[in-house]
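Undergrad: Next comes entry_27.txt, compact mmCIF, C-alpha atoms and all ligand atoms:
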```txt
# COMPACT_ATOMS: atom_id res chain seq x y z
CA MET A 1 -13.30 -18.12 36.02
CA GLU A 2 -10.02 -19.21 34.55
CA HIS A 3 -10.35 -18.18 30.92
CA ILE A 4 -11.00 -14.80 29.37
CA LEU A 5 -11.82 -16.42 26.01
CA GLU A 6 -13.18 -19.90 25.32
CA VAL A 7 -13.79 -21.15 21.80
CA GLN A 8 -15.66 -24.43 21.54
CA ASN A 9 -16.37 -26.47 18.42
CA LEU A 10 -16.16 -23.45 16.15
CA LYS A 11 -17.01 -24.17 12.51
CA LYS A 12 -17.04 -21.91 9.51
CA LEU A 13 -17.26 -22.49 5.78
CA TYR A 14 -16.81 -19.76 3.19
CA PRO A 15 -19.04 -19.94 0.14
CA ASN A 16 -16.90 -20.32 -3.01
CA SER A 17 -13.89 -21.60 -1.05
CA ASN A 18 -12.65 -25.01 -0.02
CA PHE A 19 -11.43 -23.66 3.28
CA ALA A 20 -13.21 -24.50 6.53
CA LEU A 21 -12.61 -24.00 10.23
CA LYS A 22 -13.13 -27.59 11.31
CA ASP A 23 -14.56 -27.79 14.79
CA ILE A 24 -11.85 -25.85 16.57
CA SER A 25 -11.61 -25.39 20.33
CA PHE A 26 -9.09 -23.50 22.44
CA SER A 27 -8.91 -21.11 25.36
CA VAL A 28 -7.04 -18.00 26.45
CA PRO A 29 -6.37 -17.86 30.24
CA TYR A 30 -6.57 -14.60 32.20
CA GLY A 31 -3.24 -12.78 32.40
CA SER A 32 -1.72 -14.57 29.44
CA ILE A 33 -0.34 -13.84 26.01
CA VAL A 34 -1.31 -16.63 23.63
CA GLY A 35 0.59 -17.01 20.37
CA PHE A 36 -1.54 -18.11 17.40
CA ILE A 37 0.73 -19.73 14.82
CA GLY A 38 0.10 -21.15 11.38
CA GLU A 39 1.16 -20.72 7.78
CA ASN A 40 -0.57 -18.42 5.28
CA GLY A 41 -4.20 -19.39 4.86
CA ALA A 42 -4.30 -21.65 7.94
CA GLY A 43 -7.33 -19.81 9.37
CA LYS A 44 -5.95 -17.36 11.96
CA SER A 45 -7.74 -14.24 10.68
CA THR A 46 -10.92 -16.23 10.09
CA THR A 47 -10.86 -17.44 13.70
CA MET A 48 -10.26 -13.95 15.04
CA GLY A 49 -12.97 -12.52 12.78
CA THR A 50 -15.56 -15.02 13.99
CA ILE A 51 -14.66 -14.25 17.63
CA LEU A 52 -15.19 -10.57 16.93
CA GLY A 53 -18.32 -11.16 14.88
CA THR A 54 -16.98 -9.52 11.72
CA ARG A 55 -17.21 -12.96 10.10
CA ARG A 56 -20.23 -15.16 10.62
CA LYS A 57 -19.70 -18.52 12.30
CA ASP A 58 -21.65 -21.56 11.19
CA ASP A 59 -21.54 -23.36 14.52
CA GLY A 60 -19.83 -23.44 17.89
CA ASP A 61 -19.71 -21.37 21.06
CA ILE A 62 -17.54 -18.38 21.84
CA LYS A 63 -17.41 -17.21 25.44
CA VAL A 64 -15.70 -13.95 26.35
CA PHE A 65 -15.39 -12.99 30.03
CA GLY A 66 -17.44 -16.08 30.83
CA GLU A 67 -20.40 -14.99 28.70
CA MET A 68 -21.56 -16.35 25.40
CA ILE A 69 -20.88 -13.71 22.76
CA HIS A 70 -23.27 -12.86 19.95
CA ALA A 71 -22.56 -10.76 16.87
CA GLN A 72 -24.73 -7.85 18.06
CA GLN A 73 -23.14 -7.36 21.47
CA VAL A 74 -21.52 -3.96 21.24
CA ALA A 75 -20.78 -3.68 24.98
CA VAL A 76 -18.65 -6.82 24.99
CA LYS A 77 -16.83 -5.63 21.89
CA GLU A 78 -15.78 -2.45 23.68
CA ASP A 79 -13.85 -4.71 26.01
CA ILE A 80 -12.01 -6.23 23.06
CA GLY A 81 -9.18 -4.30 21.42
CA VAL A 82 -8.41 -5.29 17.88
CA ILE A 83 -5.68 -5.03 15.32
CA PHE A 84 -6.30 -6.49 11.92
CA ASP A 85 -3.92 -6.01 9.06
CA LEU A 86 -5.55 -2.94 7.54
CA MET A 87 -6.42 0.21 9.45
CA ASN A 88 -10.05 1.29 9.21
CA PHE A 89 -9.66 4.93 10.19
CA SER A 90 -10.37 7.67 7.68
CA GLY A 91 -7.08 8.75 6.12
CA LYS A 92 -7.95 12.46 6.20
CA LEU A 93 -7.99 12.50 10.00
CA THR A 94 -5.04 13.56 12.10
CA ILE A 95 -4.31 11.85 15.41
CA ASN A 96 -5.69 14.88 17.29
CA LYS A 97 -8.98 14.65 15.35
CA LEU A 98 -9.10 10.86 15.54
CA SER A 99 -8.98 10.99 19.34
CA LYS A 100 -12.09 13.21 19.36
CA VAL A 101 -13.89 10.81 17.00
CA LEU A 102 -12.98 7.80 19.13
CA ALA A 103 -14.12 9.60 22.31
CA ASN A 104 -17.60 9.55 20.76
CA ILE A 105 -17.37 5.88 19.81
CA TYR A 106 -15.92 4.29 22.94
CA ARG A 107 -17.58 4.89 26.30
CA GLN A 108 -14.27 4.18 28.00
CA TRP A 109 -12.07 6.25 25.69
CA ASP A 110 -9.00 7.36 27.65
CA GLU A 111 -7.42 10.32 25.87
CA LYS A 112 -4.56 10.58 28.35
CA THR A 113 -3.50 6.95 27.82
CA PHE A 114 -3.90 7.37 24.05
CA PHE A 115 -1.56 10.36 23.89
CA THR A 116 0.90 8.65 26.24
CA TYR A 117 1.20 5.85 23.65
CA VAL A 118 1.22 8.32 20.73
CA ASN A 119 4.16 10.12 22.34
CA HIS A 120 5.83 6.84 23.33
CA PHE A 121 5.66 5.71 19.68
CA SER A 122 6.79 9.21 18.45
CA LEU A 123 3.76 9.57 16.15
CA PRO A 124 2.98 12.99 14.61
CA LYS A 125 -0.31 14.38 15.93
CA ASP A 126 -1.15 16.86 13.16
CA GLN A 127 -0.28 14.85 10.07
CA GLU A 128 -3.09 13.19 8.09
CA ILE A 129 -2.88 9.51 8.86
CA GLU A 130 -3.15 8.44 5.22
CA GLY A 131 0.48 9.53 4.90
CA PHE A 132 1.61 7.20 7.69
CA SER A 133 4.02 4.38 6.92
CA ARG A 134 2.93 0.81 7.61
CA GLY A 135 4.84 0.75 10.89
CA MET A 136 3.34 4.09 11.98
CA SER A 137 -0.16 2.84 11.13
CA MET A 138 0.45 -0.29 13.14
CA LYS A 139 1.62 1.75 16.12
CA LEU A 140 -1.45 3.98 15.84
CA SER A 141 -3.77 0.94 15.72
CA LEU A 142 -2.05 -0.40 18.80
CA ALA A 143 -2.35 2.93 20.65
CA VAL A 144 -6.10 2.90 19.89
CA ALA A 145 -6.51 -0.74 20.95
CA LEU A 146 -4.78 0.05 24.26
CA SER A 147 -6.78 3.18 25.05
CA HIS A 148 -10.41 2.11 25.46
CA ASP A 149 -9.87 -0.04 28.54
CA ALA A 150 -10.02 -3.30 26.58
CA LYS A 151 -9.61 -6.48 28.60
CA LEU A 152 -8.81 -8.72 25.65
CA LEU A 153 -6.64 -7.84 22.66
CA LEU A 154 -7.02 -9.74 19.39
CA LEU A 155 -3.91 -8.87 17.44
CA ASP A 156 -3.53 -10.18 13.92
CA GLU A 157 0.04 -9.66 12.71
CA ALA A 158 0.45 -6.66 15.00
CA THR A 159 4.24 -6.68 14.91
CA SER A 160 4.68 -7.10 11.17
CA GLY A 161 6.04 -4.04 9.39
CA LEU A 162 7.79 -2.84 12.53
CA ASP A 163 11.54 -2.42 12.86
CA PRO A 164 13.29 -4.53 15.54
CA ILE A 165 13.46 -1.68 18.05
CA ALA A 166 9.75 -0.86 17.67
CA ARG A 167 8.94 -4.58 17.98
CA GLU A 168 10.88 -4.79 21.26
CA GLU A 169 9.01 -1.73 22.54
CA ILE A 170 5.65 -3.18 21.61
CA LEU A 171 6.40 -6.59 23.10
CA ASP A 172 7.20 -4.78 26.36
CA VAL A 173 3.85 -2.99 26.12
CA PHE A 174 2.13 -6.40 25.68
CA LYS A 175 3.85 -7.85 28.73
CA HIS A 176 2.85 -4.82 30.79
CA PHE A 177 -0.76 -5.07 29.52
CA VAL A 178 -1.32 -8.57 30.96
CA LYS A 179 0.68 -8.04 34.15
CA ASP A 180 -2.30 -7.45 36.48
CA LYS A 181 -3.69 -10.90 35.45
CA LYS A 182 -7.03 -9.35 34.51
CA ARG A 183 -6.30 -8.97 30.81
CA SER A 184 -5.03 -11.17 27.98
CA ILE A 185 -3.80 -11.09 24.41
CA LEU A 186 -4.33 -13.46 21.48
CA LEU A 187 -1.50 -12.67 19.10
CA SER A 188 -0.96 -14.08 15.63
CA SER A 189 2.39 -13.52 13.98
CA HIS A 190 4.67 -15.02 11.38
CA ILE A 191 7.57 -13.58 13.35
CA THR A 192 7.71 -16.54 15.69
CA SER A 193 10.69 -15.12 17.57
CA ASP A 194 8.31 -12.39 18.83
CA ILE A 195 5.85 -15.01 20.01
CA GLU A 196 8.67 -16.99 21.56
CA LYS A 197 9.69 -13.94 23.60
CA VAL A 198 6.30 -13.07 25.10
CA ALA A 199 3.81 -15.93 24.81
CA ASP A 200 2.75 -18.02 27.80
CA LYS A 201 0.84 -20.44 25.63
CA LEU A 202 0.98 -21.47 21.96
CA ILE A 203 -1.74 -22.59 19.59
CA PHE A 204 -0.76 -24.08 16.24
CA ILE A 205 -3.40 -24.11 13.50
CA LYS A 206 -3.12 -25.96 10.19
CA ASN A 207 -5.69 -26.04 7.44
CA GLY A 208 -8.52 -24.92 9.73
CA MET A 209 -7.67 -27.38 12.53
CA ILE A 210 -5.88 -26.90 15.84
CA GLU A 211 -2.81 -29.13 15.68
CA LEU A 212 -1.36 -28.32 19.10
CA GLU A 213 -2.32 -26.19 22.10
CA VAL A 214 0.39 -26.10 24.72
CA ASP A 215 1.78 -23.93 27.55
CA LYS A 216 5.23 -22.61 26.74
CA ASP A 217 6.62 -23.97 30.03
CA GLU A 218 5.30 -27.43 29.21
CA LEU A 219 6.82 -27.17 25.73
CA LEU A 220 10.21 -26.20 27.13
CA HIS A 221 10.24 -28.80 29.90
CA ASN A 222 8.64 -31.84 28.30
CA TYR A 223 8.80 -31.53 24.52
CA ALA A 224 11.78 -32.20 22.28
CA ILE A 225 12.67 -32.71 18.66
CA VAL A 226 14.56 -35.95 18.12
CA GLN A 227 16.34 -37.39 15.12
CA CYS A 228 16.45 -41.15 14.85
CA ASN A 229 16.36 -44.10 12.50
CA GLN A 230 13.22 -46.01 11.55
CA LYS A 231 13.77 -48.73 14.15
CA THR A 232 14.08 -46.29 17.06
CA PHE A 233 11.15 -44.30 15.68
CA GLN A 234 8.95 -47.39 16.08
CA GLU A 235 10.10 -47.74 19.69
CA ILE A 236 8.96 -44.24 20.69
CA ASP A 237 5.68 -44.30 22.63
CA VAL A 238 2.92 -43.55 20.15
CA ASN A 239 1.21 -41.18 22.63
CA SER A 240 4.35 -39.09 22.79
CA LYS A 241 4.67 -38.57 19.02
CA VAL A 242 3.11 -35.21 18.17
CA ALA A 243 4.39 -34.89 14.59
CA TYR A 244 7.12 -36.40 12.49
CA LYS A 245 8.79 -36.01 9.13
CA MET A 246 10.51 -38.79 7.21
CA GLN A 247 13.87 -37.68 5.81
CA ASP A 248 16.08 -39.70 3.43
CA ASP A 249 18.20 -41.30 6.12
CA HIS A 250 16.39 -40.48 9.38
CA VAL A 251 13.11 -39.42 10.96
CA GLU A 252 12.60 -36.10 12.72
CA VAL A 253 10.02 -36.34 15.50
CA LEU A 254 8.37 -33.87 17.85
CA VAL A 255 7.77 -35.72 21.12
CA SER A 256 5.73 -34.53 24.10
CA ASP A 257 7.57 -36.56 26.75
CA LYS A 258 11.31 -36.27 26.32
CA LYS A 259 12.04 -38.05 29.62
CA ASN A 260 10.49 -41.22 28.34
CA LEU A 261 12.44 -42.01 25.18
CA PRO A 262 14.30 -45.11 24.01
CA LYS A 263 18.06 -44.65 24.29
CA PRO A 264 20.35 -43.59 22.70
CA LEU A 265 18.60 -40.72 20.92
CA THR A 266 19.80 -37.39 19.56
CA LEU A 267 17.81 -34.47 20.95
CA LYS A 268 17.81 -31.38 18.79
CA LYS A 269 18.77 -28.66 21.26
CA PRO A 270 17.73 -25.96 21.50
CA PHE A 271 14.68 -26.09 19.26
CA SER A 272 12.67 -23.07 18.19
CA ILE A 273 8.99 -22.46 17.52
CA ASP A 274 9.94 -22.33 13.84
CA ASP A 275 11.30 -25.90 14.08
CA ILE A 276 8.04 -27.05 15.67
CA THR A 277 5.93 -25.15 13.16
CA LYS A 278 7.78 -26.77 10.26
CA LEU A 279 7.24 -30.25 11.70
CA LEU A 280 3.57 -29.63 12.45
CA VAL A 281 2.88 -28.00 9.10
CA LYS A 282 4.99 -30.16 6.80
CA GLY A 283 5.09 -33.35 8.81
CA GLU A 284 2.55 -36.06 9.46
N1 LIG A 301 -14.08 -13.79 2.49
C1 LIG A 301 -13.58 -14.95 2.11
N2 LIG A 301 -14.18 -15.71 1.17
C2 LIG A 301 -13.70 -16.91 0.80
N3 LIG A 301 -12.57 -17.46 1.31
C3 LIG A 301 -11.92 -16.74 2.26
C4 LIG A 301 -12.37 -15.46 2.70
N4 LIG A 301 -11.51 -15.01 3.66
C5 LIG A 301 -10.57 -15.96 3.79
N5 LIG A 301 -10.81 -16.99 2.96
C6 LIG A 301 -10.00 -18.22 2.83
O1 LIG A 301 -9.90 -18.81 4.10
C7 LIG A 301 -8.60 -19.38 4.27
C8 LIG A 301 -8.02 -18.90 5.59
O2 LIG A 301 -7.73 -17.53 5.50
P1 LIG A 301 -7.25 -16.69 6.74
O3 LIG A 301 -7.13 -15.27 6.29
O4 LIG A 301 -8.11 -16.98 7.91
O5 LIG A 301 -5.81 -17.32 7.01
P2 LIG A 301 -4.59 -16.80 7.89
O6 LIG A 301 -4.11 -17.95 8.69
O7 LIG A 301 -4.99 -15.57 8.63
O8 LIG A 301 -3.53 -16.46 6.77
P3 LIG A 301 -2.36 -15.36 6.66
O9 LIG A 301 -1.27 -15.81 7.58
O10 LIG A 301 -1.95 -15.43 5.24
O11 LIG A 301 -2.95 -14.03 7.05
C9 LIG A 301 -7.80 -19.03 3.04
O12 LIG A 301 -7.80 -20.13 2.17
C10 LIG A 301 -8.59 -17.89 2.41
O13 LIG A 301 -8.48 -17.92 1.01
```
Here is the file; what I need is its structure written in the form of structure tokens.
Ligand SMILES: Nc1ncnc2c1ncn2[C@@H]1O[C@H](COP(=O)(O)OP(=O)(O)OP(=O)(O)O)[C@@H](O)[C@H]1O
TA:
Amino acid sequence: MEHILEVQNLKKLYPNSNFALKDISFSVPYGSIVGFIGENGAGKSTTMGTILGTRRKDDGDIKVFGEMIHAQQVAVKEDIGVIFDLMNFSGKLTINKLSKVLANIYRQWDEKTFFTYVNHFSLPKDQEIEGFSRGMSMKLSLAVALSHDAKLLLLDEATSGLDPIAREEILDVFKHFVKDKKRSILLSSHITSDIEKVADKLIFIKNGMIELEVDKDELLHNYAIVQCNQKTFQEIDVNSKVAYKMQDDHVEVLVSDKKNLPKPLTLKKPFSIDDITKLLVKGE
């Protein structure tokens, strides 16, 4: 089995909203960190919520660890560690008390690992967690997600609110988490430089649709952003054009096969995930 998570033809409509997840499919391979990228309201949290069963899907299949997942399956959910934007723990608890509560919730609760992360993140153990800053809350959520022997982490904006040093630390924790090739992470973030640092694969979502799903190596080796005039734009192989944006005096194009371009052409080097995101989101 190659993939820890497979999403096939997932559809979801919200009542009283024009938004829909429109038949989306993607996969998360074992041992990988997959970056989930899209602008505000693109559908990242909705996708993660339907995978977890906290939001009802209308159609489509979700397979985790090779098995079809249904909303009621508690056992499978124990194997999924989650961070969503807001913490759900009672604010009156301290970390010491929280650990005892979680030991009763998770069969695989590992107190030793939990306190290793709590110490690593320098979190106070006897302070009520409602007084925690956003960054401290995020670190606590992460310590919890990493301490019940989860095989898959669904992390929605898990690095936001953290200072650069804490972000570095956490990205190192992510890399370590997937190292044995038995576990994976799906990570959404607006801080694309974080994704750029750790992701093995990238999924771009726009308006409820997957625009691009690509391995980072493939992106680095074969993709490019080129700037050219209209005439040269027409000469680029249509299958290679992923997205483009017409500017006043030139066209900016994301191509998937940079070795097969008409010459001469200006390659934008180096390009960032932000550059790609802008073209996919704002371009055609
Ligand atoms: N409970 C709900 N009822 C109706 N519409 C909703 C609900 N939750 C989300 N939406 C809508 O679904 C769309 C996608 O929202 P979602 O939170 O999945 O986006 P996102 O990509 O996670 O955005 P962000 O980056 O801002 O967190 C938005 O238009 C939002 O208004």
Undergrad: Tell me which of A:Ser188, A:Ser133, A:Ser193, A:Thr277 sits closest to Thr46 (chain A), counting only C-alpha atoms.
TA: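 Looking at the shortest contact to Thr46 (chain A), the residue is A:Ser188.
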Undergrad: Residues at most 6 Å from Ser147 (chain A), counting all atoms listed in the file, excluding those fewer than 2 positions away in the same chain, as JSON, numbers by chain?
TA: {"A": [110, 113, 114, 144, 145, 149]}
Undergrad: Excluding Phe204 (chain A) and any residue of its chain fewer than 2 positions from it, enumerate the residues within 10 Å of it, using only C-alpha atoms, and give them as a count of residues only.
TA: 20
Undergrad: Could you work out how far CA of Leu186 (chain A) lies from CA of Val28 (chain A), giving the answer in Å with one decimal?
TA: 7.3 Å
Undergrad: Please return as a ChimeraX atom specification the residues found within 10 Å of ligand LIG 301 (chain A), counting only C-alpha atoms and all ligand atoms.
TA: /A:12-21,36-50,55,84-85,156-157,188-190,205-208
Undergrad: Show which residues sit within 10 Å of Val178 (chain A), as a list in words. Count all atoms listed in the file, and ignore same-chain residues fewer than 5 positions away.
TA: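 So the residues in contact are Tyr30, Gly31, Ser32, Ile33, Lys151, Leu152, Leu153, Val173, Arg183, Ser184 and Ile185 of chain A.
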Undergrad: Given the choices A:Gln8, A:Ser141, A:Ser240, A:Asn222, which gets closest to Val64 (chain A) if the distance is worked out from only C-alpha atoms?
TA: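 Selected residue with least distance to Val64 (chain A): A:Gln8.
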Undergrad: May I have the residues within 10 Å of Glu169 (chain A) as a list in words, using only C-alpha atoms and disregarding those fewer than 5 positions away in the same chain?
TA: His120, Phe121, Pro164 and Phe174 of chain A
Undergrad: Using C-alpha atoms, can you write the selected residues to a file as a compact mmCIF listing (two decimals), in the frame of the given file?
TA:
```txt
# COMPACT_ATOMS: atom_id res chain seq x y z
CA HIS A 120 5.83 6.84 23.33
CA PHE A 121 5.66 5.71 19.68
CA PRO A 164 13.29 -4.53 15.54
CA PHE A 174 2.13 -6.40 25.68
```
Undergrad: Could you check how far CA of Glu6 (chain A) sits from CA of Leu52 (chain A), in Å to one decimal?
TA: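 CA of Leu52 (chain A) lies at a distance of 12.7 Å from CA of Glu6 (chain A).
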Undergrad: Would you list the contacts of Gly66 (chain A) as a list in words, taking every protein, DNA or RNA residue within 12 Å and counting all atoms listed in the file, but skipping same-chain residues closer than 3 positions in sequence?
TA: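 Listed by chain and then number, they are Met1, Glu2, His3, Ile4, Leu5, Glu6, Val7, Ser27, Val28, Pro29, Tyr30, Asp61, Ile62, Lys63, Ile69 and Val76 of chain A.
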Undergrad: Store the residues picked out above in a file with C-alpha atoms, as a PDB file, in the frame of the given file.
TA:
```
ATOM      1  CA  MET A   1     -13.300 -18.120  36.020  1.00  0.00           C
ATOM      2  CA  GLU A   2     -10.020 -19.210  34.550  1.00  0.00           C
ATOM      3  CA  HIS A   3     -10.350 -18.180  30.920  1.00  0.00           C
ATOM      4  CA  ILE A   4     -11.000 -14.800  29.370  1.00  0.00           C
ATOM      5  CA  LEU A   5     -11.820 -16.420  26.010  1.00  0.00           C
ATOM      6  CA  GLU A   6     -13.180 -19.900  25.320  1.00  0.00           C
ATOM      7  CA  VAL A   7     -13.790 -21.150  21.800  1.00  0.00           C
ATOM      8  CA  SER A  27      -8.910 -21.110  25.360  1.00  0.00           C
ATOM      9  CA  VAL A  28      -7.040 -18.000  26.450  1.00  0.00           C
ATOM     10  CA  PRO A  29      -6.370 -17.860  30.240  1.00  0.00           C
ATOM     11  CA  TYR A  30      -6.570 -14.600  32.200  1.00  0.00           C
ATOM     12  CA  ASP A  61     -19.710 -21.370  21.060  1.00  0.00           C
ATOM     13  CA  ILE A  62     -17.540 -18.380  21.840  1.00  0.00           C
ATOM     14  CA  LYS A  63     -17.410 -17.210  25.440  1.00  0.00           C
ATOM     15  CA  ILE A  69     -20.880 -13.710  22.760  1.00  0.00           C
ATOM     16  CA  VAL A  76     -18.650  -6.820  24.990  1.00  0.00           C
TER      17      VAL A  76
END
```
Undergrad: For CA of Ala143 (chain A) and CA of Val118 (chain A), quote the distance in Å rounded to one decimal.
TA: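 Interatomic distance here is 6.5 Å.
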Undergrad: Closest to Lys139 (chain A) among A:Arg167, A:Lys112, A:Lys57, A:Lys11, using all atoms listed in the file?
TA: A:Arg167
